[in-house]
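*Asks:* Sharing a structure here in structure tokens format.
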Amino acid sequence: MATIRQRRPGVWEVRAFTGRDDLGKPTQVSRTVRGGKKDAQRVAAELTVHPAPRARGRTVAELLDAYLELRGGERAEATKRDQRSRVRLVAEDPIGSVAVARLSVVDVDRWHVRLRKAGVGPGSIRNRHMVLRAALAQALRWGWVTTNVASLAPVSQPARAPRESMKAEDVRAVIDAATSFDPAAGLALRLAAVTGARRAELAAFRWDSVDGNRLTIDRSVAVIRHGRPDQRTTPTLVAAPTKTANRRMVTLDDDTLDLIAKVRTEREEFGPWMFAIGNLPANPDRIGNWWSRARRIAGIDEKWRLHDLRHWSATVAISGGHDVRTVAGRLGHANPAMTLRVYAHAVEAADQAVAVALGQALLGDAP
């Protein structure tokens, strides 16, 4: 049974009885409706027909735990670690103790305000919000709630400066510097530049990952650390699925294939991994250290990170006129829309080239 109360002109409160909690106390769900009385009556009918009885007594923290358990087997180890951390941070906030059935847009907005006042950065707020929104989407599918209130309280996006990209001469310089102290280090950085592979994916490359001129990227190395931060023991290295748990194949150029063959001749007898000796894969930190050392030797700006080789790869490909879907496939993006969003500056550069080509076509100068 649902009740309707007009809070002020054009704003209605709809409440529906959802059952009783474990102590026998009645529970209810409340919705704010903006519009006419018929709109409020429609929502009241929906809450009456589709209440959320299974949500009674459950808090946001309990929902997050249930969501994490459901999705735990579908993600790479690094992603699961990040998700666990975000779930913990959301659950520790006062919003974690709010009953799922009573959670409102106001609660989510106030949570955002608390985080900003506490000095939490926009990126971290957005990541925590995404976890809550995903958990509420699952609650919606389970019938625990009738509305995903997190979707109605989006996180404001701060203005961002266009992402910078390394220059080709800096990329060549850092690869040459890495090769000067270890040919395997030079190969690792070259593969990062030509494939856009992430650091953990590079660490998982095996010699048999290469077949002809194709490189298969289907795993990454997860580092499982033990002990407190001030008393770390030897970490465990696990070859796990990639960040997006997908498998992709990228084509390699002849020079990169020649370099792989050269390093393979010298190192294959020491194990199946490109960048490690023995039966265990390389620690991604090793490749990170190679980058830091090579950057120092090359004398390039210290602001550049190993991950910027991935950005350089995508920027050069898109600004060179290659279609975004192909570039997204090489990067391992599940959705080309992500590629468009991250590399909008490269798309703008490619658009300039299109404008020149069209202008030349009208002049009769096109080939």
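In the structure tokens, each chain is lettered A, B, ... as it comes, each chain's residues begin at 1, and ligands are numbered from 1 in order of appearance.
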Sort by chain and increasing residue number a table of all residues of segment 212-293 of chain A within 12 Å of segment 164-184 of chain A, each with its closest pair of atoms and their distance in Å to one decimal, counting only C-alpha atoms, and write it as a Markdown table.
*Replies:*
| residue | atom | partner | partner_atom | distance |
| --- | --- | --- | --- | --- |
| A:Thr256 | CA | A:Ile175 | CA | 12.0 |
| A:Leu259 | CA | A:Pro183 | CA | 8.7 |
| A:Ile260 | CA | A:Ala184 | CA | 8.8 |
| A:Ala261 | CA | A:Ala184 | CA | 11.3 |
| A:Lys262 | CA | A:Pro183 | CA | 9.1 |
| A:Val263 | CA | A:Ala184 | CA | 6.6 |
| A:Arg264 | CA | A:Ala184 | CA | 9.2 |
| A:Thr265 | CA | A:Ala184 | CA | 11.6 |
| A:Glu266 | CA | A:Pro183 | CA | 9.8 |
| A:Arg267 | CA | A:Ala184 | CA | 8.9 |
| A:Glu268 | CA | A:Ala184 | CA | 11.4 |
| A:Trp273 | CA | A:Ala184 | CA | 11.0 |
| A:Met274 | CA | A:Ala184 | CA | 7.6 |
| A:Phe275 | CA | A:Ala184 | CA | 6.4 |
| A:Ala276 | CA | A:Ala184 | CA | 9.3 |
| A:Ile277 | CA | A:Ala184 | CA | 11.3 |
| A:Ala282 | CA | A:Ala184 | CA | 11.6 |
| A:Arg286 | CA | A:Ala184 | CA | 11.2 |
| A:Ile287 | CA | A:Ala184 | CA | 9.7 |
| A:Gly288 | CA | A:Ala178 | CA | 11.5 |
| A:Asn289 | CA | A:Ala178 | CA | 10.4 |
| A:Trp290 | CA | A:Ala178 | CA | 6.7 |
| A:Trp291 | CA | A:Ala178 | CA | 7.4 |
| A:Ser292 | CA | A:Ala178 | CA | 9.5 |
| A:Arg293 | CA | A:Ala178 | CA | 7.5 |
*Asks:* Using only C-alpha atoms, which residue out of A:Arg133, A:Pro9, A:Arg42, A:Tyr67 lies closest to Lys80 of chain A?
*Replies:*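 Looking at the shortest contact to Lys80 of chain A, the residue is A:Tyr67.
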*Asks:* Do you know which residues are at most 9 Å from Asn283 of chain A counting only C-alpha atoms, after dropping those on the same chain fewer than 2 positions away, and could you put them as a list of chain:residue names?
*Replies:*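 After dropping sequence-adjacent residues, the list is A:Ala200, A:Ala203, A:Ala204, A:Val221, A:Ala222, A:Val223, A:Leu237, A:Phe275, A:Ala276, A:Leu280, A:Pro281, A:Asp285, A:Arg286, A:Ile287.
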*Asks:* Atoms to include: N, CA, C and O atoms. Write the selected residues as a PDB file, in the first residue's frame.
*Replies:*
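Heads up, here's the output in part-v3.pdb:
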ATOM      1  N   ALA A 200      51.565  -4.203 -16.651  1.00  0.00           N
ATOM      2  CA  ALA A 200      51.315  -5.560 -16.169  1.00  0.00           C
ATOM      3  C   ALA A 200      51.165  -6.543 -17.328  1.00  0.00           C
ATOM      4  O   ALA A 200      51.483  -7.730 -17.190  1.00  0.00           O
ATOM      5  N   ALA A 203      54.709  -7.422 -18.637  1.00  0.00           N
ATOM      6  CA  ALA A 203      55.377  -8.381 -17.760  1.00  0.00           C
ATOM      7  C   ALA A 203      54.929  -9.815 -18.031  1.00  0.00           C
ATOM      8  O   ALA A 203      55.658 -10.769 -17.713  1.00  0.00           O
ATOM      9  N   ALA A 204      53.749  -9.992 -18.618  1.00  0.00           N
ATOM     10  CA  ALA A 204      53.204 -11.334 -18.866  1.00  0.00           C
ATOM     11  C   ALA A 204      53.513 -11.859 -20.262  1.00  0.00           C
ATOM     12  O   ALA A 204      53.077 -12.953 -20.618  1.00  0.00           O
ATOM     13  N   VAL A 221      50.279  -9.584 -15.268  1.00  0.00           N
ATOM     14  CA  VAL A 221      50.864 -10.082 -14.022  1.00  0.00           C
ATOM     15  C   VAL A 221      50.304  -9.284 -12.854  1.00  0.00           C
ATOM     16  O   VAL A 221      50.467  -8.063 -12.789  1.00  0.00           O
ATOM     17  N   ALA A 222      49.618  -9.978 -11.963  1.00  0.00           N
ATOM     18  CA  ALA A 222      49.084  -9.348 -10.749  1.00  0.00           C
ATOM     19  C   ALA A 222      50.085  -9.555  -9.624  1.00  0.00           C
ATOM     20  O   ALA A 222      50.615 -10.655  -9.432  1.00  0.00           O
ATOM     21  N   VAL A 223      50.357  -8.491  -8.891  1.00  0.00           N
ATOM     22  CA  VAL A 223      51.290  -8.548  -7.759  1.00  0.00           C
ATOM     23  C   VAL A 223      50.467  -8.586  -6.477  1.00  0.00           C
ATOM     24  O   VAL A 223      49.745  -7.623  -6.170  1.00  0.00           O
ATOM     25  N   LEU A 237      53.572 -13.391  -7.496  1.00  0.00           N
ATOM     26  CA  LEU A 237      53.261 -12.964  -8.858  1.00  0.00           C
ATOM     27  C   LEU A 237      52.319 -13.985  -9.489  1.00  0.00           C
ATOM     28  O   LEU A 237      52.595 -15.186  -9.486  1.00  0.00           O
ATOM     29  N   PHE A 275      60.622 -11.200 -20.329  1.00  0.00           N
ATOM     30  CA  PHE A 275      61.342 -10.244 -19.494  1.00  0.00           C
ATOM     31  C   PHE A 275      61.672 -10.786 -18.106  1.00  0.00           C
ATOM     32  O   PHE A 275      61.826 -10.022 -17.149  1.00  0.00           O
ATOM     33  N   ALA A 276      61.769 -12.102 -17.988  1.00  0.00           N
ATOM     34  CA  ALA A 276      62.143 -12.722 -16.714  1.00  0.00           C
ATOM     35  C   ALA A 276      62.937 -13.990 -16.979  1.00  0.00           C
ATOM     36  O   ALA A 276      62.823 -14.606 -18.044  1.00  0.00           O
ATOM     37  N   LEU A 280      58.905 -18.049 -13.309  1.00  0.00           N
ATOM     38  CA  LEU A 280      57.973 -17.019 -12.859  1.00  0.00           C
ATOM     39  C   LEU A 280      58.012 -15.822 -13.797  1.00  0.00           C
ATOM     40  O   LEU A 280      59.071 -15.472 -14.326  1.00  0.00           O
ATOM     41  N   PRO A 281      56.872 -15.162 -14.009  1.00  0.00           N
ATOM     42  CA  PRO A 281      56.864 -13.983 -14.882  1.00  0.00           C
ATOM     43  C   PRO A 281      57.600 -12.816 -14.237  1.00  0.00           C
ATOM     44  O   PRO A 281      57.940 -12.856 -13.046  1.00  0.00           O
ATOM     45  N   ASP A 285      57.084  -4.149 -11.603  1.00  0.00           N
ATOM     46  CA  ASP A 285      57.977  -3.114 -11.068  1.00  0.00           C
ATOM     47  C   ASP A 285      59.322  -3.119 -11.785  1.00  0.00           C
ATOM     48  O   ASP A 285      59.979  -2.074 -11.881  1.00  0.00           O
ATOM     49  N   ARG A 286      59.761  -4.283 -12.281  1.00  0.00           N
ATOM     50  CA  ARG A 286      61.033  -4.343 -13.011  1.00  0.00           C
ATOM     51  C   ARG A 286      60.959  -3.485 -14.269  1.00  0.00           C
ATOM     52  O   ARG A 286      61.892  -2.733 -14.577  1.00  0.00           O
ATOM     53  N   ILE A 287      59.849  -3.589 -14.973  1.00  0.00           N
ATOM     54  CA  ILE A 287      59.704  -2.791 -16.192  1.00  0.00           C
ATOM     55  C   ILE A 287      59.581  -1.320 -15.837  1.00  0.00           C
ATOM     56  O   ILE A 287      60.107  -0.445 -16.536  1.00  0.00           O
TER      57      ILE A 287
END
*Asks:* Quick one: of A:Thr234, A:Thr195, A:Asn279, A:Thr315, who's nearest to Leu252 of chain A, counting only C-alpha atoms?
*Replies:* A:Thr195
*Asks:* Rank A:Lys117, A:Arg305, A:Arg5, A:Arg128 by their smallest atom-to-atom distance to Glu92 of chain A, using only C-alpha atoms, and report the top residue only.
*Replies:*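 Closest to Glu92 of chain A, using only C-alpha atoms: A:Arg128.
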